[in-house]
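Since the structure comes first, as structure tokens, the remarks are kept for the end.
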Amino acid sequence: MSTQDADIFDDMRHRLITGEFGYGTKLRAEKLRSDYDCSASTVREVLFRLSTVGLVEFQEQRGFRSPYQSRERQHDLTHMRIMLECEGACLSIRLGGVEWESRLTAAHHKLSHIEMRVRSSGDVSPLLNLWSRAEQEFHETLIEACGSALLIRTHVVIYEQFRQQLVSAETNYGYFPENIPEHQAILDAALDRNEDLVRKRIHDHLARNLTHPLPGKHQTVAFGKSSLM
């Protein structure tokens, strides 16, 4: 993939997960090509690649669309994200050292600063791009020392599909004032090396997006075992 194609892919991916395209919006290569000063075939190739990671839906004879919103899909993605982040965070606690702690603290500091600015104004839209990237960076850093490249790659796919399901102007782009103490609680539990508590904090942070409770009280299934949240 050329540098130009990679840049278009990254930009389109970001636009898709920050709510620029409404649910079920037709994505026309002939129209999008003007955004990137490239050919329609280049845009179509990028859209095909985005469909392989679940951010674009493709149907023969009907073309490309941004995915429709679905309560069932939202629940499944939330459940999967809880499983991946709980497992990844606990493995990072076991395997990560001071450098991981430093990166996690730095990622949280940046996110907290942006979220405090958003809370003071009550409007996330002026800082949407900064906040979205900082929020993703914090959660990715939380699991980055887990020692599993597959878990990390899978988390990226699930995280971005999750964001796409929840982010729209109607939901204030997925921003909640409660994010600030919740992110702090996750950081504190991770730095305290408390696996049970970090599982609970992650669950509590994401549970509002479940459409029905997970099996058992405060439990989720993580890689074949039942883990207390």
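Here, A, B, ... name the chains of the structure tokens in the order displayed, residue numbers run from 1 inside each chain, and ligands are numbered from 1 in the same displayed order.
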Exercise. Would you please extract all helix (DSSP H, G or I) residues from region 1-133 of chain A, as assigned by DSSP on the backbone, and give them as a PyMOL selection string?
Key: chain A and resi 3-17+29-36+40-52+71-95+98-121+125-133
With C-alpha atoms retained, write the just-selected residues as a CSV table (one decimal), in the first residue's frame.
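Writing the result to part.csv gives the following:
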chain,number,residue,atom,x,y,z
A,3,THR,CA,1.9,6.2,1.5
A,4,GLN,CA,-1.0,8.1,-0.1
A,5,ASP,CA,-3.3,5.1,0.3
A,6,ALA,CA,-2.2,4.6,3.9
A,7,ASP,CA,-2.9,8.3,4.7
A,8,ILE,CA,-6.4,8.1,3.1
A,9,PHE,CA,-7.1,4.9,5.0
A,10,ASP,CA,-6.1,6.4,8.3
A,11,ASP,CA,-8.1,9.6,7.7
A,12,MET,CA,-11.2,7.7,6.6
A,13,ARG,CA,-10.9,5.4,9.6
A,14,HIS,CA,-10.8,8.4,11.9
A,15,ARG,CA,-13.7,10.0,10.2
A,16,LEU,CA,-15.8,6.8,10.5
A,17,ILE,CA,-15.1,6.4,14.3
A,29,ALA,CA,-16.1,6.8,-4.0
A,30,GLU,CA,-16.9,9.3,-6.8
A,31,LYS,CA,-17.7,11.9,-4.2
A,32,LEU,CA,-15.1,11.1,-1.6
A,33,ARG,CA,-12.3,11.2,-4.2
A,34,SER,CA,-12.5,15.0,-4.2
A,35,ASP,CA,-11.6,15.0,-0.5
A,36,TYR,CA,-8.3,13.4,-1.2
A,40,ALA,CA,-12.3,6.9,-7.4
A,41,SER,CA,-10.6,3.5,-7.7
A,42,THR,CA,-8.1,4.4,-4.9
A,43,VAL,CA,-11.0,5.4,-2.6
A,44,ARG,CA,-12.8,2.1,-3.5
A,45,GLU,CA,-9.7,0.1,-2.5
A,46,VAL,CA,-9.5,2.0,0.8
A,47,LEU,CA,-13.2,1.4,1.4
A,48,PHE,CA,-12.7,-2.4,0.7
A,49,ARG,CA,-9.9,-2.4,3.3
A,50,LEU,CA,-12.1,-0.6,5.8
A,51,SER,CA,-14.8,-3.2,5.3
A,52,THR,CA,-12.3,-6.0,6.4
A,71,ARG,CA,-28.4,-2.4,20.2
A,72,GLU,CA,-27.4,-6.0,19.8
A,73,ARG,CA,-24.1,-5.1,18.1
A,74,GLN,CA,-23.4,-2.4,20.7
A,75,HIS,CA,-23.9,-5.0,23.5
A,76,ASP,CA,-21.6,-7.6,21.8
A,77,LEU,CA,-18.9,-5.1,21.1
A,78,THR,CA,-19.0,-3.8,24.7
A,79,HIS,CA,-18.8,-7.3,26.1
A,80,MET,CA,-15.9,-8.2,23.9
A,81,ARG,CA,-14.1,-4.9,24.7
A,82,ILE,CA,-14.5,-5.6,28.5
A,83,MET,CA,-13.0,-9.1,28.0
A,84,LEU,CA,-10.1,-7.9,26.0
A,85,GLU,CA,-9.3,-4.9,28.2
A,86,CYS,CA,-9.6,-6.8,31.4
A,87,GLU,CA,-7.3,-9.6,30.2
A,88,GLY,CA,-4.9,-7.2,28.5
A,89,ALA,CA,-4.7,-4.9,31.6
A,90,CYS,CA,-4.1,-7.8,34.0
A,91,LEU,CA,-1.3,-9.3,31.8
A,92,SER,CA,0.2,-5.8,31.5
A,93,ILE,CA,0.2,-5.5,35.3
A,94,ARG,CA,2.1,-8.8,35.5
A,95,LEU,CA,4.5,-8.1,32.6
A,98,VAL,CA,8.2,1.1,35.3
A,99,GLU,CA,8.4,2.2,31.6
A,100,TRP,CA,4.8,0.9,31.0
A,101,GLU,CA,3.6,2.7,34.2
A,102,SER,CA,5.2,5.9,32.9
A,103,ARG,CA,3.6,5.6,29.5
A,104,LEU,CA,0.2,4.8,31.0
A,105,THR,CA,0.5,7.8,33.4
A,106,ALA,CA,1.5,10.1,30.6
A,107,ALA,CA,-1.4,8.9,28.4
A,108,HIS,CA,-3.8,9.5,31.2
A,109,HIS,CA,-2.4,12.9,32.0
A,110,LYS,CA,-3.0,14.0,28.4
A,111,LEU,CA,-6.5,12.5,28.3
A,112,SER,CA,-7.4,14.0,31.7
A,113,HIS,CA,-6.3,17.5,30.6
A,114,ILE,CA,-8.5,17.3,27.5
A,115,GLU,CA,-11.5,15.9,29.4
A,116,MET,CA,-11.3,18.6,32.0
A,117,ARG,CA,-11.3,21.2,29.2
A,118,VAL,CA,-14.4,19.5,27.7
A,119,ARG,CA,-16.1,19.4,31.0
A,120,SER,CA,-15.6,23.1,31.6
A,121,SER,CA,-17.2,24.0,28.2
A,125,SER,CA,-17.0,19.0,19.4
A,126,PRO,CA,-14.1,21.6,19.3
A,127,LEU,CA,-11.7,19.0,20.8
A,128,LEU,CA,-13.3,15.9,19.3
A,129,ASN,CA,-10.3,14.8,17.3
A,130,LEU,CA,-7.8,15.4,20.2
A,131,TRP,CA,-10.1,13.7,22.7
A,132,SER,CA,-10.8,10.7,20.5
A,133,ARG,CA,-7.2,10.0,19.9
Quiz item: Where in chain A does DSSP assign strand (DSSP E), given as a VMD selection string?
Solution: chain A and resid 26 to 27 57 to 59 63 to 65 219 to 222 225 to 228
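Interatomic distance, CA of Leu142 (chain A) to CA of Ala190 (chain A): 8.1 Å.
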Quiz item: What is the distance, in Å and to one decimal place, between CA of Glu57 (chain A) and CA of Gln161 (chain A)?
Solution: 11.7 Å
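If you measure from each of A:Leu151, A:Gly22, A:Leu191, A:Val156 to Glu137 (chain A) using only C-alpha atoms, the closest one turns out to be A:Val156.
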